[in-house]
Amino acid sequence: MSGRLVYIVEDSPDLAANLEIACGAIPDVEVRVAGSAEQAWEMLQSSDSAEAIVVVTDVRLPETDGVELIRRIRADRRLAQVPVVVVSGEADPETAGRLRELAISARFHKPYSPVSLRKQVQALLDAQP
Amino acid sequence: MNFSRLSLLWKIWLSTSVALTMLFVLTGLYLQRTVQHSATASLLDEARASSQAYDAVLEARAETLRSLAAVLSAMPEPAAGWLKQIGGQLEPSTFVEVAEPDGARRAILLGDEKTVPGTEALTASATRAFPGPSSGFYVHRGTLYQVAITPVYQPPARLESILIAGYILNHAFAQRLKRAAGKSEFILFSRGQIYASTLDDRATGNAVRSMILGRNPGFASDGVMEYVPLGRDLVDIEGKLAGRLFVLRSFEEAKAGIAGLRRRILFMWLAAVVAGLALTYAATRRVVRPIQQLDRAASQVSMENYDTRVPVESDDELGRLAETFNKMCDSLLTARRELIRRERITAIGRIAGSIVHDLRNPLAAIYGGAEMLVDTQPTPEQSRRIAENIHRSSQRIQEMLDDLVRVSRGGAVDMKPLALGQLISSTLSSLEPTALQHNVRFEVEVPAELEVLADASRLRRVFLNLVQNSMDVLPGGGRVRITAEEQDRWVTVEVVDNGPGIPAEVRGQIFQPFTSHGKKYGLGLGLALARQTVLDHGGDLWAAHQRDGARFVVRLPRRGAADAPEAARNTDILKT
């Protein structure tokens, strides 16, 4: 198992595929795709051996949304420091307010540049010891 | 009758009529009483005059009798012949007799022996007045007489004989007296017996009874007619009470006068009421008409017709009220227009926001994919996936644009008979690859013989949308079950999945346009369009309540069911 993990949380298969391909270009990285927040949370629970983790998540997800997922991550003792990159279509102030308290590393608005996002993710991975 | 439910005009009419009637009744009663009083007074005067006339007649008769006696006493011979000669000028019942100084009858000079009174008692009662003559009323054997008694002396002072002249007071005398002395009736009455009356026996009896027993001394009645009575005493030769003369003045003329007055008052009342009502109507119309117009206009406003206006016809309170009402309507109209304008802007904003939001996902996929193809070196396999994404996302944008066009185009339906089973099979086969990919299983139970009259392409989109919705909520796999059955004139198709179901809070809104719940793609038009399509087919589409998963019911008129479209309209969007 690779030491560096990127979790893509996106319910749109097309966007997930783009992100998977984009982040897959980062050296020594395993990309894991989840279609929902619940699925992502389960996967994160079994990531004990990872040396570096970055989560890329959409805000609008079926049932549990992206903001709630980030809140869980921040509340988890082991995952609290994991950098989170948010991709969202919403530019509304309410979402921005909810995200502000959760110390996210970067936010990309749709339609975003997968190349820029990949660079951001790579930088976040490299910054981790 | 409930006064409050009457119209304003009727209320005013009724009040006017009651007021006029009360006024006339009071005036009429007062007038009648006054007239009655003055009539009674004048009748009494007339009766008094009649009574005086009777007195004069009776006194004249007595004077005639005394003169007759005086003439006879001066004659040397009994003058029966002379008496016969002048008899025509006397009362028909006049008698003359001569008595001896001791009172015994000497001779009857005039009259029938059967009706002539005896001389003894008369002369005895007259001696007190001798040597002078005396006269008075006298009752003898059931007959009332007026008599004059004159003593005849020989010189120097010897009573030679006594002359008694008189006549009978009977009904015939009474009639003659009435003819001579006016319109009044009269009754001669003595010691419980009636001797002479101008009325018939029954009327006389009743009148006497009412005068003697009645409580009102100024009133008498014979049972039919009413009278004002006036009584006078009749005295005999010695000045004692011999009987009574009742003069009766009929009330009938006065009564007829009062009845005439009443008729005139009644006629005047009717005329006044009619005139009053007409005047009130004319006056009230000016008040009521604007109120009626306001009433009608207000009911129009209550039905949200703010274009209604009332004419301003006067400068008074009602005119100002009409003006205020019109201004109020203007304000309402302006406010409503402003509200509609704002709502339109809000709606446009909401729709635009929804479109932009929903286009963003496929656009992001295209944008990102294109960038990666240009700026990175993807493997051929990755390139193929990216190209596929771009293609699929473009297709989604195309579908959204189609939906938008369909919303604006409305529901043109090209109806043809078609087998429902085939339509559903072909719809599902186009979804089969995606279903396999997501581990979704289709279960279909549609009898092959079921036929509906429908626009095939539009109805296909309905089922496509419903099944697609089910698949969207089954990301981890599941089951979509489609069943159909015939019920009376309807064909009912149910699309049921075992997904999370429809949350209670959104059940009422899922058929509203531009509402999508937890869906990544689409403008939120799918269910709204699907339902509209089914309504256009004369059927209905609703979400039925179910514990697990979602259940959508499509009801379509069976082929050949005639009046189905009307029957289908009474359904709600959501049936539970």
# chains A, B, ... in the order shown; residues from 1 in each chain; ligands from 1
call {"tool": "closest_atom_pairs", "arguments": {"of": "chain B", "to": "chain A", "cutoff": "12 Å", "atoms": "only C-alpha atoms", "output": "JSON lines"}}
result
{"residue": "B:Gly353", "atom": "CA", "partner": "A:Glu90", "partner_atom": "CA", "distance": 10.5}
{"residue": "B:Ser354", "atom": "CA", "partner": "A:Glu90", "partner_atom": "CA", "distance": 11.2}
{"residue": "B:Val356", "atom": "CA", "partner": "A:Gly89", "partner_atom": "CA", "distance": 9.6}
{"residue": "B:His357", "atom": "CA", "partner": "A:Gly89", "partner_atom": "CA", "distance": 6.8}
{"residue": "B:Asp358", "atom": "CA", "partner": "A:Gly89", "partner_atom": "CA", "distance": 9.0}
{"residue": "B:Leu359", "atom": "CA", "partner": "A:Pro111", "partner_atom": "CA", "distance": 9.9}
{"residue": "B:Arg360", "atom": "CA", "partner": "A:Lys110", "partner_atom": "CA", "distance": 6.3}
{"residue": "B:Asn361", "atom": "CA", "partner": "A:Lys110", "partner_atom": "CA", "distance": 7.0}
{"residue": "B:Pro362", "atom": "CA", "partner": "A:Asp14", "partner_atom": "CA", "distance": 7.9}
{"residue": "B:Leu363", "atom": "CA", "partner": "A:Pro111", "partner_atom": "CA", "distance": 6.4}
{"residue": "B:Ala364", "atom": "CA", "partner": "A:Pro111", "partner_atom": "CA", "distance": 3.9}
{"residue": "B:Ala365", "atom": "CA", "partner": "A:Leu15", "partner_atom": "CA", "distance": 5.2}
{"residue": "B:Ile366", "atom": "CA", "partner": "A:Pro111", "partner_atom": "CA", "distance": 8.5}
{"residue": "B:Tyr367", "atom": "CA", "partner": "A:Pro111", "partner_atom": "CA", "distance": 6.4}
{"residue": "B:Gly368", "atom": "CA", "partner": "A:Pro114", "partner_atom": "CA", "distance": 5.5}
{"residue": "B:Gly369", "atom": "CA", "partner": "A:Asn18", "partner_atom": "CA", "distance": 6.1}
{"residue": "B:Ala370", "atom": "CA", "partner": "A:Ser113", "partner_atom": "CA", "distance": 9.6}
{"residue": "B:Glu371", "atom": "CA", "partner": "A:Ser113", "partner_atom": "CA", "distance": 7.0}
{"residue": "B:Met372", "atom": "CA", "partner": "A:Val115", "partner_atom": "CA", "distance": 6.9}
{"residue": "B:Leu373", "atom": "CA", "partner": "A:Ala22", "partner_atom": "CA", "distance": 10.4}
{"residue": "B:Val374", "atom": "CA", "partner": "A:Val115", "partner_atom": "CA", "distance": 10.3}
{"residue": "B:Asp375", "atom": "CA", "partner": "A:Val115", "partner_atom": "CA", "distance": 7.6}
{"residue": "B:Thr376", "atom": "CA", "partner": "A:Val115", "partner_atom": "CA", "distance": 7.9}
{"residue": "B:Gln377", "atom": "CA", "partner": "A:Ala25", "partner_atom": "CA", "distance": 9.1}
{"residue": "B:Pro378", "atom": "CA", "partner": "A:Ile21", "partner_atom": "CA", "distance": 7.9}
{"residue": "B:Thr379", "atom": "CA", "partner": "A:Ile21", "partner_atom": "CA", "distance": 9.5}
{"residue": "B:Pro380", "atom": "CA", "partner": "A:Ile21", "partner_atom": "CA", "distance": 11.8}
{"residue": "B:Glu381", "atom": "CA", "partner": "A:Ile21", "partner_atom": "CA", "distance": 10.3}
{"residue": "B:Gln382", "atom": "CA", "partner": "A:Ile21", "partner_atom": "CA", "distance": 6.8}
{"residue": "B:Ser383", "atom": "CA", "partner": "A:Ile21", "partner_atom": "CA", "distance": 9.3}
{"residue": "B:Arg384", "atom": "CA", "partner": "A:Ala17", "partner_atom": "CA", "distance": 11.2}
{"residue": "B:Arg385", "atom": "CA", "partner": "A:Ala17", "partner_atom": "CA", "distance": 7.6}
{"residue": "B:Ile386", "atom": "CA", "partner": "A:Asn18", "partner_atom": "CA", "distance": 6.7}
{"residue": "B:Ala387", "atom": "CA", "partner": "A:Asp14", "partner_atom": "CA", "distance": 10.2}
{"residue": "B:Glu388", "atom": "CA", "partner": "A:Asp14", "partner_atom": "CA", "distance": 8.6}
{"residue": "B:Asn389", "atom": "CA", "partner": "A:Asp14", "partner_atom": "CA", "distance": 5.2}
{"residue": "B:Ile390", "atom": "CA", "partner": "A:Asp14", "partner_atom": "CA", "distance": 8.0}
{"residue": "B:His391", "atom": "CA", "partner": "A:Asp14", "partner_atom": "CA", "distance": 10.0}
{"residue": "B:Arg392", "atom": "CA", "partner": "A:Asp14", "partner_atom": "CA", "distance": 8.0}
{"residue": "B:Ser393", "atom": "CA", "partner": "A:Asp14", "partner_atom": "CA", "distance": 7.5}
{"residue": "B:Ser394", "atom": "CA", "partner": "A:Asp14", "partner_atom": "CA", "distance": 11.1}
{"residue": "B:Arg396", "atom": "CA", "partner": "A:Asp14", "partner_atom": "CA", "distance": 11.2}
{"residue": "B:Thr434", "atom": "CA", "partner": "A:Pro13", "partner_atom": "CA", "distance": 11.8}
{"residue": "B:Gln437", "atom": "CA", "partner": "A:Pro13", "partner_atom": "CA", "distance": 11.7}
{"residue": "B:His438", "atom": "CA", "partner": "A:Pro13", "partner_atom": "CA", "distance": 11.4}
{"residue": "B:Asp472", "atom": "CA", "partner": "A:Pro62", "partner_atom": "CA", "distance": 10.0}
{"residue": "B:Val473", "atom": "CA", "partner": "A:Pro62", "partner_atom": "CA", "distance": 8.6}
{"residue": "B:Leu474", "atom": "CA", "partner": "A:Pro62", "partner_atom": "CA", "distance": 10.8}
{"residue": "B:Pro475", "atom": "CA", "partner": "A:Gly35", "partner_atom": "CA", "distance": 7.9}
{"residue": "B:Gly476", "atom": "CA", "partner": "A:Gly35", "partner_atom": "CA", "distance": 9.3}
{"residue": "B:Pro500", "atom": "CA", "partner": "A:Glu63", "partner_atom": "CA", "distance": 9.7}
{"residue": "B:Gly501", "atom": "CA", "partner": "A:Glu63", "partner_atom": "CA", "distance": 11.9}
{"residue": "B:Pro503", "atom": "CA", "partner": "A:Glu63", "partner_atom": "CA", "distance": 10.9}
{"residue": "B:Ser516", "atom": "CA", "partner": "A:Pro62", "partner_atom": "CA", "distance": 11.7}
{"residue": "B:His517", "atom": "CA", "partner": "A:Pro62", "partner_atom": "CA", "distance": 8.8}
{"residue": "B:Gly518", "atom": "CA", "partner": "A:Pro62", "partner_atom": "CA", "distance": 5.3}
{"residue": "B:Lys519", "atom": "CA", "partner": "A:Pro62", "partner_atom": "CA", "distance": 7.4}
{"residue": "B:Lys520", "atom": "CA", "partner": "A:Ser12", "partner_atom": "CA", "distance": 6.7}
{"residue": "B:Tyr521", "atom": "CA", "partner": "A:Ser12", "partner_atom": "CA", "distance": 8.4}
call {"tool": "residues_around", "arguments": {"residues": "segment 99-102 of chain A", "least_positions_apart": "5", "cutoff": "12 Å", "atoms": "only C-alpha atoms", "output": "ChimeraX atom specification"}}
result
/A:58-59,65-75,80-88,90-94,107
call {"tool": "write_last_selection", "arguments": {"atoms": "C-alpha atoms", "output": "PDB file, in the first residue's frame"}}
result
ATOM      1  CA  ASP A  58     -17.534  18.353  -3.034  1.00  0.00           C
ATOM      2  CA  VAL A  59     -19.904  20.298  -0.733  1.00  0.00           C
ATOM      3  CA  ASP A  65     -22.897  16.782   2.800  1.00  0.00           C
ATOM      4  CA  GLY A  66     -19.222  17.753   2.403  1.00  0.00           C
ATOM      5  CA  VAL A  67     -19.250  20.266   5.272  1.00  0.00           C
ATOM      6  CA  GLU A  68     -20.435  17.586   7.685  1.00  0.00           C
ATOM      7  CA  LEU A  69     -17.707  15.220   6.467  1.00  0.00           C
ATOM      8  CA  ILE A  70     -15.034  17.880   7.131  1.00  0.00           C
ATOM      9  CA  ARG A  71     -16.515  18.496  10.578  1.00  0.00           C
ATOM     10  CA  ARG A  72     -16.180  14.782  11.362  1.00  0.00           C
ATOM     11  CA  ILE A  73     -12.598  14.780  10.108  1.00  0.00           C
ATOM     12  CA  ARG A  74     -11.714  17.789  12.310  1.00  0.00           C
ATOM     13  CA  ALA A  75     -13.380  16.130  15.269  1.00  0.00           C
ATOM     14  CA  ALA A  80      -7.909  16.314  12.601  1.00  0.00           C
ATOM     15  CA  GLN A  81      -4.805  17.646  10.853  1.00  0.00           C
ATOM     16  CA  VAL A  82      -5.588  16.178   7.387  1.00  0.00           C
ATOM     17  CA  PRO A  83      -5.627  18.955   4.742  1.00  0.00           C
ATOM     18  CA  VAL A  84      -8.963  19.279   2.979  1.00  0.00           C
ATOM     19  CA  VAL A  85      -9.514  20.806  -0.472  1.00  0.00           C
ATOM     20  CA  VAL A  86     -13.089  21.792  -1.261  1.00  0.00           C
ATOM     21  CA  VAL A  87     -14.587  21.839  -4.753  1.00  0.00           C
ATOM     22  CA  SER A  88     -17.997  23.445  -4.911  1.00  0.00           C
ATOM     23  CA  GLU A  90     -21.972  27.105  -4.344  1.00  0.00           C
ATOM     24  CA  ALA A  91     -20.589  30.572  -3.907  1.00  0.00           C
ATOM     25  CA  ASP A  92     -23.248  31.394  -1.329  1.00  0.00           C
ATOM     26  CA  PRO A  93     -22.140  33.157   1.885  1.00  0.00           C
ATOM     27  CA  GLU A  94     -23.765  30.553   4.116  1.00  0.00           C
ATOM     28  CA  ARG A 107     -11.358  25.970  -2.232  1.00  0.00           C
TER      29      ARG A 107
END
call {"tool": "closest_residue", "arguments": {"among": "B:Met225, B:Leu556, B:Val287, B:Ala544", "to": "Leu318 of chain B", "atoms": "only C-alpha atoms"}}
result
B:Val287
call {"tool": "atom_distance", "arguments": {"atom1": "atom CA of Ala123 of chain A", "atom2": "atom CA of Val6 of chain A"}}
result
12.2 Å
call {"tool": "atom_distance", "arguments": {"atom1": "atom CA of Ala242 of chain B", "atom2": "atom CA of Tyr138 of chain B"}}
result
6.9 Å
